[in-house]
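Notes for the one structure printed next.
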Amino acid sequence: MNTRILLKGKDLLGIKDLSTEEIMLLLNSATSFKEILGRDIKKVPTLRGRTVVNLFFEPSTRTRTSFELAAKRLSTDVVNFSGPSSSIVKGESLLDTALTVQALGADLVIIRHSSSGVPHMLSRHLRASVINAGDGTNEHPTQALLDAFTILEKKGRIEGLRIAIVGDILHSRVAKSNIYCLRKLGAEVRLIGPATLLPRWFGEFEGVKVYHDLETGIEGADVIMMLRLQLERQGTGFFPTTDEYFKEWGLTKKKLSAAKPDAIVMHPGPMNRGIEIASEVADGPNSVILEQVTNGLAVRMAVMYHLEERKEE
Amino acid sequence: MPKQLLDKKEIDRTLTRISHEIIEKNKGTEGLCLVGIQRGGVHLAQRIARKIGETEGVEIPVGSLDISFYRDDIRIRKKQPTVSRTEIPCGVDDKKIILVDDVFFTGRSIRAAMDAIMDMGRPALVQLAILVDRGHRELPIRADYAGKNVPTSKAERVEVLLKEDGYEDGVVLLQPGEDVP
Amino acid sequence: MMLLITNGYLVNPAENFEGKADILIENGTVKKIIKSEKPKKNNFKDNNFKDTEVFDAKGMYIFPGLVDMHTHLREPGFEHKETISTGTLAALRGGFTTVCAMPNTNPVNDNAGITEFILSKAQAAGNARVLPIGAITKGQKGEELAEFYMMKKAGCVAFSDDGKPVANPLVMRRALEYARGAGALIISHAEDPLLSEKGVMNEGALSVSMGMKGIPSVSEEIAIYRDIALAEFTGGRLHVAHVSTEGSVRIIRQAKERGVAVTAETCPHYFTITEEAVAGYNTNAKVNPPLRRKKDVEAIIEGLRDGTIDVIATDHAPHSLEEKTREFDSAPSGISGLETALILALKLVLEEGALSLMELAGKLTVNPAGILGLDSGIIKEGAQAELCIVDPAKEYVLKSQELISKGKNTPFDGWCLKGAVAATFFKGRLARW
């Protein structure tokens, strides 16, 4: 008899802690959820009666909305905790806020924080499952899952693909989660960016190659993931100007020709057109950027479903 | 050795009978769509569809339905390692949906399956075909087409083994602690 | 009232003696030390043993009372983290009879008034001896020199802006020069704040993979280079606090070879654990300088072995639970170290074989005492008994909640430790905790 595969941990804190089997479980189920999202009635009663709390210490309309909609599609009740209206700005400690959320009866707590490790610390004090929706410059696991899901849909496999991640790797939690995820699934991962944003420590990551020249790095690539350049970093010494950045590391149609002709171009959004990516590429035939958004819903539903499912065992 | 309830031949005969009953009751095959409940019902739905097709000379659409997301009880997904596909290529609107499952027990899976079907659209009718009815219903649901009625105790298990899954066709009754040979 | 400590193994670096010895204490004063392979009661045949209490130290080491030249007692200003009373009791439990209190209190110990306040509080507490360290600059702001002469007269034994680096090289130059004239020691918290930026752990593959801002090893090394160059140039006496990197050990070794008046300390956490201890965002392993890599740990041990690093200090830095349960970025740095320092250091002798018992005892007694110009850390006849008796065989699981210090912040919580302080004598009295 087949035995069920379950997630091992109570929480989804990072891809770092997941096994390949767990990643594949989530991606497989996401396929089923995507089917539901294609129906007229896009809602299933699966998690009826459960409470999901969005605890966002850092504003993010896109990610919060995606989690909120995913939770609603599973028939949960969703509460948002964020912005200046919550107790967070009143000087309440992080832990007190989390325990308040617990007292509300939350089953799943989705946490975004500008400081790395906050979901990990709070998860130790919460009975509820914690989903990391982005912590500092550490991880953004559901983004990596939706990226992997998108690649699987487009390419049918991940193992053996050449995947280039381009931009501010150092400060990108999306890049971190993608590196772990894609390596676990057997891809060849190439990191490309200016050396200040891609310091030599990345050379110590197992199975990862580091490039500082875009066209060399994306040569023969099956997938190119562009990262959002945080414009606030201009003038902090990491790179001189966005002008030079675009000329060296911005993806244009011409530079894209170094990759495979059927290469797909991804971006976690929101994009800085003309800084890290040219519009001709963002809107071009290789771009799968909008499909990533839809897939985000399916993947987040799968994560919530499997975290709740293991509690019943 | 576990007690055998049906052998290969008996399964085949039962499915043949059910396929004839389906044609008879629906006065033909117009709008018919067989939907197997993951995982035990999918292969049976395909076999019944083939039999109907052979008799009537038409191709009967077959779908598969995963009810994980509609369950009221985790035990429903016990048999499958992961969530399986839901795929009903012909759609359900105005179709005569014949749900197919292997073992009919509490009725909760069927309730979940009906909810799932209803969320996908508005079928003309829904009927239920099952291979083994072991009793112990907890919901007011009955089968339109039933293979074999088997009295069981709640602690026992009924397993339908099919060659599509690498077994020799057969239905066995397992005592607690017993496993499929 | 007499006390006989018998059957113990005395390690007394001031005399370079180690061996079996019996110690007779009369009214708190060491009356006689009888060294022999097999001490007998008739060693003391002159004495009447009728009212003599006997402490059987069989299998135990007897060290002089330990000297910690780097302690944060937090009072005045941060009594929720520690008080002079709780901190000094924790010191006695850890075997320390003398602790040097760093000036980063509130207000900062940058004038004789605060120094006197600390001393009077310590006097009242009556636990371990507290020797204040004055700030180098007023308010530890790194701008204007504090009153070294007045603070020295009030009782400060050295000057440091510990907790903060003296970022401006001109200020550090003046401090070393002025201190030379005053016969004072400058203790450097060696860190370049511009290079450390907002770092919270060691910079490297681990910090990058955990998404944390790193403090590069060069931040410490450049500051040590600078301070050694300034000490060499001014002739001032420099002591480098909490050395944590391989490069720092190398730089100090080279300076000592050239004859620069520099000494150095490290802390148990820098030779016991690595940056891996912050895994899972454990704020109890957040410390400044940060825990480094394995190669650094090895270099620190080598530096202790070859004498480059003179002193093992605790850098006891207690914090409240509330502060340590903040997010990693905002949690304060520091480890509560007084009660574990000796036991962790003992591993270097008993497990690593890196140091002899005598070398270890020196780094915890006469070396810091010598650097600070103190007569502590010695056992001799006619002096008040200040001893630390250690049972090296006792095994137990460290529970942070059981620490005497208010600061329960230790990365060694749950560790299986071998060795415990069995008794500490301070000013002739057996300490109770």
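Labels for the structure tokens follow display order: chains A, B, ..., residues from 1 in each chain, ligands from 1.
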
Cut-off 8 Å: closest chain A/chain B atom pairs per residue, using only C-alpha atoms, as CSV:
```
residue,atom,partner,partner_atom,distance
A:Met1,CA,B:Lys79,CA,7.1
A:Asn2,CA,B:Pro81,CA,5.7
A:Thr3,CA,B:Pro81,CA,5.3
A:Arg4,CA,B:Pro81,CA,3.7
A:Ile5,CA,B:Pro81,CA,5.3
A:Leu25,CA,B:Thr82,CA,6.6
A:Asn28,CA,B:Val83,CA,7.3
A:Ser29,CA,B:Val83,CA,5.5
A:Thr31,CA,B:Arg85,CA,7.7
A:Ser32,CA,B:Arg85,CA,5.8
A:Glu35,CA,B:Thr86,CA,7.4
A:Arg39,CA,B:Met120,CA,6.4
A:Asp40,CA,B:Met120,CA,7.0
A:Ile41,CA,B:Asp119,CA,5.9
A:Lys43,CA,B:Asp119,CA,8.0
A:Val44,CA,B:Phe69,CA,6.3
A:Pro45,CA,B:Tyr70,CA,5.9
A:Thr46,CA,B:Phe69,CA,4.5
A:Glu309,CA,B:Ile74,CA,7.5
A:Glu312,CA,B:Ile74,CA,6.8
A:Glu313,CA,B:Ile74,CA,7.7
```

Practice task
Extract, using only C-alpha atoms, all DNA, RNA and protein residues at most 10 Å from A:Leu126, discarding same-chain residues fewer than 4 positions from it, and format them as number ranges by chain.
Solution key: A: 95, 98-99, 101-103, 106-109, 121-122, 130

Handout entry: Gap from atom CA of C:Ala101 to atom CA of C:Gly134 - Å, one decimal
Key =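 Separating atom CA of C:Ala101 from atom CA of C:Gly134 is a distance of 8.6 Å.
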
Handout entry: Residue hits in chain A, query chain C, radius 9 Å, only C-alpha atoms, as a PyMOL selection string
Key = chain A and resi 93-95+115-118+120-121+135-139+170-173+176+199-205

May I have the residues from that selection written out with C-alpha atoms, as a short mmCIF file (atom, residue, chain, number, x, y, z; two decimals), in the first residue's frame?
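Once written, result13.cif looks like this:
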```cif
data_model
loop_
_atom_site.label_atom_id
_atom_site.label_comp_id
_atom_site.auth_asym_id
_atom_site.auth_seq_id
_atom_site.Cartn_x
_atom_site.Cartn_y
_atom_site.Cartn_z
CA SER A 93 7.08 43.39 21.43
CA LEU A 94 7.22 41.02 18.53
CA LEU A 95 6.48 38.08 20.76
CA SER A 115 14.53 41.28 9.67
CA SER A 116 15.86 37.83 8.79
CA GLY A 117 14.88 35.02 11.12
CA VAL A 118 11.74 36.56 12.63
CA HIS A 120 11.89 31.21 12.82
CA MET A 121 11.92 32.92 16.21
CA ASP A 135 12.14 37.56 6.01
CA GLY A 136 14.78 40.21 5.56
CA THR A 137 17.36 39.03 3.07
CA ASN A 138 16.99 35.40 4.07
CA GLU A 139 14.28 33.48 2.26
CA LEU A 170 23.17 39.45 -1.80
CA HIS A 171 20.02 41.23 -0.70
CA SER A 172 17.52 38.99 -2.46
CA ARG A 173 15.54 36.50 -0.40
CA LYS A 176 18.35 32.60 -1.80
CA PRO A 199 30.35 38.64 -2.96
CA ARG A 200 32.79 35.76 -3.10
CA TRP A 201 30.99 33.84 -0.33
CA PHE A 202 28.50 32.61 -2.92
CA GLY A 203 31.35 30.63 -4.46
CA GLU A 204 31.17 28.43 -1.33
CA PHE A 205 27.58 27.42 -2.12
#
```

Handout entry: Close residues, A:Ala175 itself excluded, 9 Å, only C-alpha atoms, min 6 positions apart in chain, as an MDAnalysis selection string
Key = chainID A and resid 139:140 144 165:169 191 225 227

Practice task
Report the residues of stretch 108-316 of chain C whose backbone DSSP state falls under alpha helix (DSSP H), written as number ranges by chain.
Solution key: C: 112-125, 148-154, 169-182, 193-196, 205-210, 217-234, 246-258, 268-272, 294-306

Practice task
Do a neighbour search on stretch 296-302 of chain C at 8 Å with only C-alpha atoms, toss out local chain neighbours closer than 2 positions, and write the hits as a list in words.
Solution key: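 What passes the distance filter is Val243, Ser244, Thr245, Glu246, Val249, Thr266, Tyr270, Phe271, Thr272, Ile273, Thr274, Arg292, Arg293, Lys294, Leu304, Arg305, Asp306, Ile309 and Ala354 of chain C.
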